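**Student:** I am attaching a structure below and will ask some questions about it afterwards.
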Amino acid sequence: MDQILHNLVIGFGVAVTPINLFFALIGCLLGTLIGVLPGIGPVATIAMLLPITFNLSPVGALIMLAGIYYGAQYGGSTTAILVNIPGESSSVVTCLDGYQMARQGRAGPALATAAIGSFFAGCVATVIIAVAAPPLAEVALKFGPAEYFSLMCFGLIAATVLAHGSLIKAIAMVIWGLLLGLVGTDVNSGVLRFSFGIPELSDGIGFVIVAMGMFGTTEIIANMEMKEAREIFTSKVKNLWPTKQDFKDAWASVLRGTALGSALGILPGGGALLASFGAYSLEKKISKHPEKFGKGAIEGVAAPESANNAGAQTSFIPMLTLGIPSNAVMALMIGALMIQGIAPGPQVMNEKPELFWGLIASMWVGNLMLVILNLPLIGMWVKLLTVPYRYLFPSILVFMAIGVYSLSNNAFDVLIMGVFGVLGYICAKLECEPAPMILGFILGPLMEENLRRAMLLSRGDPTVFVTKPISAGFMIASVILLITVALPAIRKKREEVFVEEG
Amino acid sequence: MKIKSQKDFWSGLMFIGSGLFFAFWAMAFYQMGTAVRMGPAYFPTMLGFLLAVLGAIVLLQSLTAEPEGDQVVHTPFNIIDFVIAIAVYAVLIILSQRIGFAPEWSLLAATLIVVLLTVLFRPDAKPLVFVTAATIAYGYFMKPLGLVIATAALVYISALGGHEFKWKEVTILFVILILFSVLVFVKGLTLPFPIWPEYFG
């Protein structure tokens, strides 16, 4: 306990220096901005800013980029509640009840609940990282390739099981992502795989490009295809403060959302998106009035919004302790560390305590800033939403194109973004979720490398994955997860929960 | 046999096709190796076949299982049209390169023709085609023509894909965006983009 306090003191010492406060503020402002705007997300923004972080201090760079990620969770809910469009993919479920609340004239309490829930979740998640990261890093030092491989399997399976839609299709998307992630030079043999004689493919396809195409362009095209005018509840955001009854209804949901979100964030493959879906289905399952969901239940806003913020923050744990990116944003964070010459992994905590604890402390500071940015200044963000979409989408496209082009100053990257935009469009129309695919894409090379090493060390004996205790634990957990979902009774339940979203 | 779920039917085909492609391509061109020393083909072959099997399950389900919810694919155009458009695009690129076009120009020319075909025959597909064409134009205009012209192409082409297009509005938007891009990204963040065509500058 003393150790944790001591560490947090170091952290706050780093986080409240004027320059780092400034970076946190920039990150939170940018994060809220892109969170509010549909079609541009933290991945595109962080990718765009990655090259310039080279000139910043390592801790300043990470504080700013982290601020963008959790800031986007705050901003995303505003758009979801007021326009019924998820400003961020993790606020998809917030649309269901948040927008209905807005239609009933309760946009203010919905926004306030989202912000307060997020703040609470952010505070708890900060403490969880501080408490859980050191022992996990200790365990991680004992991990060999077999453990890493099993852990990634578990993460991928958990991500598909908890995502909505068809399970088989989600698993197929993960595998497709793994395959696409293998494009480029094979590390072991130096052979160029699936590059079809195109020199630009020899380094593989950048996941930023894939993510921007599959999420960004697809989102824009889908919005452009919708003809009906959007109904925006901007004038009606008045009494922000929720009623006593709202508090009574929402506090337990906030607690559950925070707990579930924190747990799902730690999983490799977890993060804000998974957390919000998981939390919404949990609330609906255990609620005494499940029929209220989708018709403006405050629990349906409180739980996913707390969960996505908690998940956004705890997803730093696998990145910081294991060096495994659990989602596209964390893969970019690893990129940011490497630009600074820091190899991610369990050793970061001991070698760079000021970086590690400074980042954690900055999350709490950042959450405080976000509540201030979001509640009193809500009017400013709402104004942004009154801008017609025909001005927004060319602007978003310009920023995405600059971001992708700046990666390597190559036209080919932009072309690939277009290709994945079309692919994302097809997937959206066929109800194949892009999120598991991106995850597979990121983990593909890592999984192959660890599989090869594990098999080499065991001399080709595949039982190594079940004879090593930690690895066996992950494998058993994966199998249990798969079986529970495959059982008809539970499968029915899972489908019922998501029936409105279809 | 009747297709009960269009969505699953097409996704199944897509998974089978890409899975088999990866598996056979890997087996044909890369070394398999053994379980102890896996060659470059080992992992992709395994995954490719797994993907194809999953695709086959999805495909079977689309023919047998009772559909839940809306299983019709809602696109503003026919899926067959979509496949035709991609084929036309590929043929145009290959043909124009055969005639002796440089790869960039053959790509741009093929894109332009597909855009024209869309406007003439399938105006409902405009958002998809115009947004994609706009990004491709941006990428390939940047090096020879500079940021200003590339941004203009991106803004005007994508805006043409929307429901409403007003020259005045789009021009104002373009001016704001290009000023912002130049000041923030080129001057501020010092990204190495050419601003004007290289012969001028």
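Residues are named by chain letter and number: chains run A, B, ... in the order of the structure tokens, numbers start at 1 in each chain, and ligands are numbered from 1 in the order shown.
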Residues of chain B within 7 Å of chain A, using only C-alpha atoms, as a PyMOL selection string?

**Tutor:** chain B and resi 7+11+35-38+40+43-44+47+51+54+69+73-74+127-128+132+135-136+139-140+151+155+158-159+162+173+177+189+191

**Student:** Residues of the last selection are to be written out with C-alpha atoms, as an mmCIF file, in the first residue's frame.

**Tutor:**
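In the end it all went to result-v1.cif:
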data_model
loop_
_atom_site.group_PDB
_atom_site.id
_atom_site.type_symbol
_atom_site.label_atom_id
_atom_site.label_comp_id
_atom_site.auth_asym_id
_atom_site.auth_seq_id
_atom_site.Cartn_x
_atom_site.Cartn_y
_atom_site.Cartn_z
ATOM 1 C CA LYS B 7 -26.222 -11.466 -45.536
ATOM 2 C CA SER B 11 -20.387 -13.354 -46.129
ATOM 3 C CA ALA B 35 5.688 -27.993 -36.683
ATOM 4 C CA VAL B 36 9.060 -27.518 -34.992
ATOM 5 C CA ARG B 37 10.429 -25.092 -37.543
ATOM 6 C CA MET B 38 7.435 -23.494 -39.157
ATOM 7 C CA PRO B 40 6.400 -18.946 -43.890
ATOM 8 C CA PHE B 43 0.482 -20.300 -40.174
ATOM 9 C CA PRO B 44 -1.312 -18.725 -43.180
ATOM 10 C CA LEU B 47 -5.647 -19.969 -40.863
ATOM 11 C CA LEU B 51 -11.437 -19.367 -42.453
ATOM 12 C CA LEU B 54 -16.029 -21.160 -40.962
ATOM 13 C CA GLY B 69 -34.151 -10.192 -37.981
ATOM 14 C CA VAL B 73 -28.666 -6.798 -47.841
ATOM 15 C CA HIS B 74 -29.622 -3.137 -48.079
ATOM 16 C CA PRO B 127 -21.453 8.118 -51.895
ATOM 17 C CA LEU B 128 -19.395 4.922 -52.048
ATOM 18 C CA THR B 132 -13.304 6.247 -52.618
ATOM 19 C CA THR B 135 -9.239 9.596 -51.561
ATOM 20 C CA ILE B 136 -7.462 7.906 -54.471
ATOM 21 C CA GLY B 139 -3.059 10.312 -52.856
ATOM 22 C CA TYR B 140 -1.999 10.383 -56.494
ATOM 23 C CA THR B 151 -7.098 18.879 -51.319
ATOM 24 C CA VAL B 155 -13.100 18.198 -51.230
ATOM 25 C CA SER B 158 -16.376 13.899 -52.180
ATOM 26 C CA ALA B 159 -18.832 16.795 -51.924
ATOM 27 C CA GLY B 162 -23.414 14.085 -51.280
ATOM 28 C CA LEU B 173 -15.139 25.045 -47.180
ATOM 29 C CA LEU B 177 -9.572 23.554 -45.091
ATOM 30 C CA LEU B 189 3.785 20.443 -37.607
ATOM 31 C CA LEU B 191 4.978 17.701 -42.444
#

**Student:** Which residues are near Leu264 in chain A? Cut-off 9 Å, only C-alpha atoms, ignore same chain within fewer than 5 positions. Put them as a ChimeraX atom specification.

**Tutor:** /A:158-159,259,269-272,274-275,278,307,310-311,314-315

**Student:** Store the residues of this selection in a file with N, CA and C atoms, as a PDB file, in the first residue's frame.

**Tutor:**
ATOM      1  N   ALA A 158     -12.438 -13.938 -26.264  1.00  0.00           N
ATOM      2  CA  ALA A 158     -13.287 -13.101 -25.414  1.00  0.00           C
ATOM      3  C   ALA A 158     -13.867 -11.948 -26.221  1.00  0.00           C
ATOM      4  N   ALA A 159     -13.034 -11.363 -27.081  1.00  0.00           N
ATOM      5  CA  ALA A 159     -13.501 -10.219 -27.857  1.00  0.00           C
ATOM      6  C   ALA A 159     -14.633 -10.610 -28.795  1.00  0.00           C
ATOM      7  N   ALA A 259     -17.107  -1.722 -13.005  1.00  0.00           N
ATOM      8  CA  ALA A 259     -16.458  -2.994 -12.676  1.00  0.00           C
ATOM      9  C   ALA A 259     -16.269  -3.828 -13.936  1.00  0.00           C
ATOM     10  N   GLY A 269      -7.499  -7.472 -26.273  1.00  0.00           N
ATOM     11  CA  GLY A 269      -8.667  -7.586 -27.140  1.00  0.00           C
ATOM     12  C   GLY A 269      -9.820  -6.774 -26.583  1.00  0.00           C
ATOM     13  N   GLY A 270      -9.635  -6.308 -25.378  1.00  0.00           N
ATOM     14  CA  GLY A 270     -10.699  -5.509 -24.772  1.00  0.00           C
ATOM     15  C   GLY A 270     -10.511  -4.049 -25.086  1.00  0.00           C
ATOM     16  N   GLY A 271     -11.126  -3.228 -24.275  1.00  0.00           N
ATOM     17  CA  GLY A 271     -11.048  -1.798 -24.495  1.00  0.00           C
ATOM     18  C   GLY A 271     -12.428  -1.211 -24.427  1.00  0.00           C
ATOM     19  N   ALA A 272     -12.535   0.041 -24.845  1.00  0.00           N
ATOM     20  CA  ALA A 272     -13.760   0.788 -24.655  1.00  0.00           C
ATOM     21  C   ALA A 272     -14.953   0.172 -25.381  1.00  0.00           C
ATOM     22  N   LEU A 274     -15.670  -2.961 -26.477  1.00  0.00           N
ATOM     23  CA  LEU A 274     -16.166  -4.192 -25.896  1.00  0.00           C
ATOM     24  C   LEU A 274     -16.863  -3.899 -24.574  1.00  0.00           C
ATOM     25  N   ALA A 275     -16.257  -3.022 -23.780  1.00  0.00           N
ATOM     26  CA  ALA A 275     -16.778  -2.702 -22.455  1.00  0.00           C
ATOM     27  C   ALA A 275     -18.194  -2.147 -22.535  1.00  0.00           C
ATOM     28  N   GLY A 278     -20.668  -4.928 -23.501  1.00  0.00           N
ATOM     29  CA  GLY A 278     -20.828  -5.861 -22.396  1.00  0.00           C
ATOM     30  C   GLY A 278     -21.690  -5.270 -21.295  1.00  0.00           C
ATOM     31  N   ALA A 307     -18.627   2.193 -18.431  1.00  0.00           N
ATOM     32  CA  ALA A 307     -17.813   1.052 -18.841  1.00  0.00           C
ATOM     33  C   ALA A 307     -16.815   1.445 -19.916  1.00  0.00           C
ATOM     34  N   ALA A 310     -13.935   3.308 -18.326  1.00  0.00           N
ATOM     35  CA  ALA A 310     -13.114   2.406 -17.518  1.00  0.00           C
ATOM     36  C   ALA A 310     -12.290   1.511 -18.424  1.00  0.00           C
ATOM     37  N   GLY A 311     -12.941   0.960 -19.457  1.00  0.00           N
ATOM     38  CA  GLY A 311     -12.248   0.057 -20.380  1.00  0.00           C
ATOM     39  C   GLY A 311     -11.141   0.763 -21.143  1.00  0.00           C
ATOM     40  N   THR A 314      -8.286   1.001 -18.498  1.00  0.00           N
ATOM     41  CA  THR A 314      -7.603  -0.227 -18.078  1.00  0.00           C
ATOM     42  C   THR A 314      -6.976  -0.953 -19.261  1.00  0.00           C
ATOM     43  N   SER A 315      -7.361  -0.613 -20.504  1.00  0.00           N
ATOM     44  CA  SER A 315      -6.697  -1.272 -21.638  1.00  0.00           C
ATOM     45  C   SER A 315      -5.237  -0.855 -21.733  1.00  0.00           C
TER      46      SER A 315
END

**Student:** With only C-alpha atoms as the basis for distance, which of A:Ser195, A:Ala303, A:Leu201, A:Phe465 is at the shortest distance from Phe22 in chain B?

**Tutor:**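 The shortest atom-to-atom distance to Phe22 in chain B comes from A:Ser195.
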
**Student:** Here is a test: counting only C-alpha atoms, which residue of B:Val72, B:Met46, B:Leu13, B:Ile93 is nearest to Met27 in chain B?

**Tutor:**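 Nearest to Met27 in chain B: B:Met46.
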
**Student:** Got a sec to tell me which of range 168-345 of chain A DSSP assigns to helix (DSSP H, G or I), as a ChimeraX atom specification?

**Tutor:** /A:168-181,199-203,207-225,244-266,272-286,290-292,299-314,316-322,328-339

**Student:** What gap, in Å, lies between CA of Pro376 in chain A and CA of Gly11 in chain A?

**Tutor:**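 Separation of CA of Pro376 in chain A and CA of Gly11 in chain A: 28.1 Å.
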
**Student:** Figure out the distance between CA of Gly87 in chain A and CA of Ile34 in chain A, please, to one decimal in Å.

**Tutor:**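 Taking CA of Ile34 in chain A and CA of Gly87 in chain A, their separation equals 7.8 Å.
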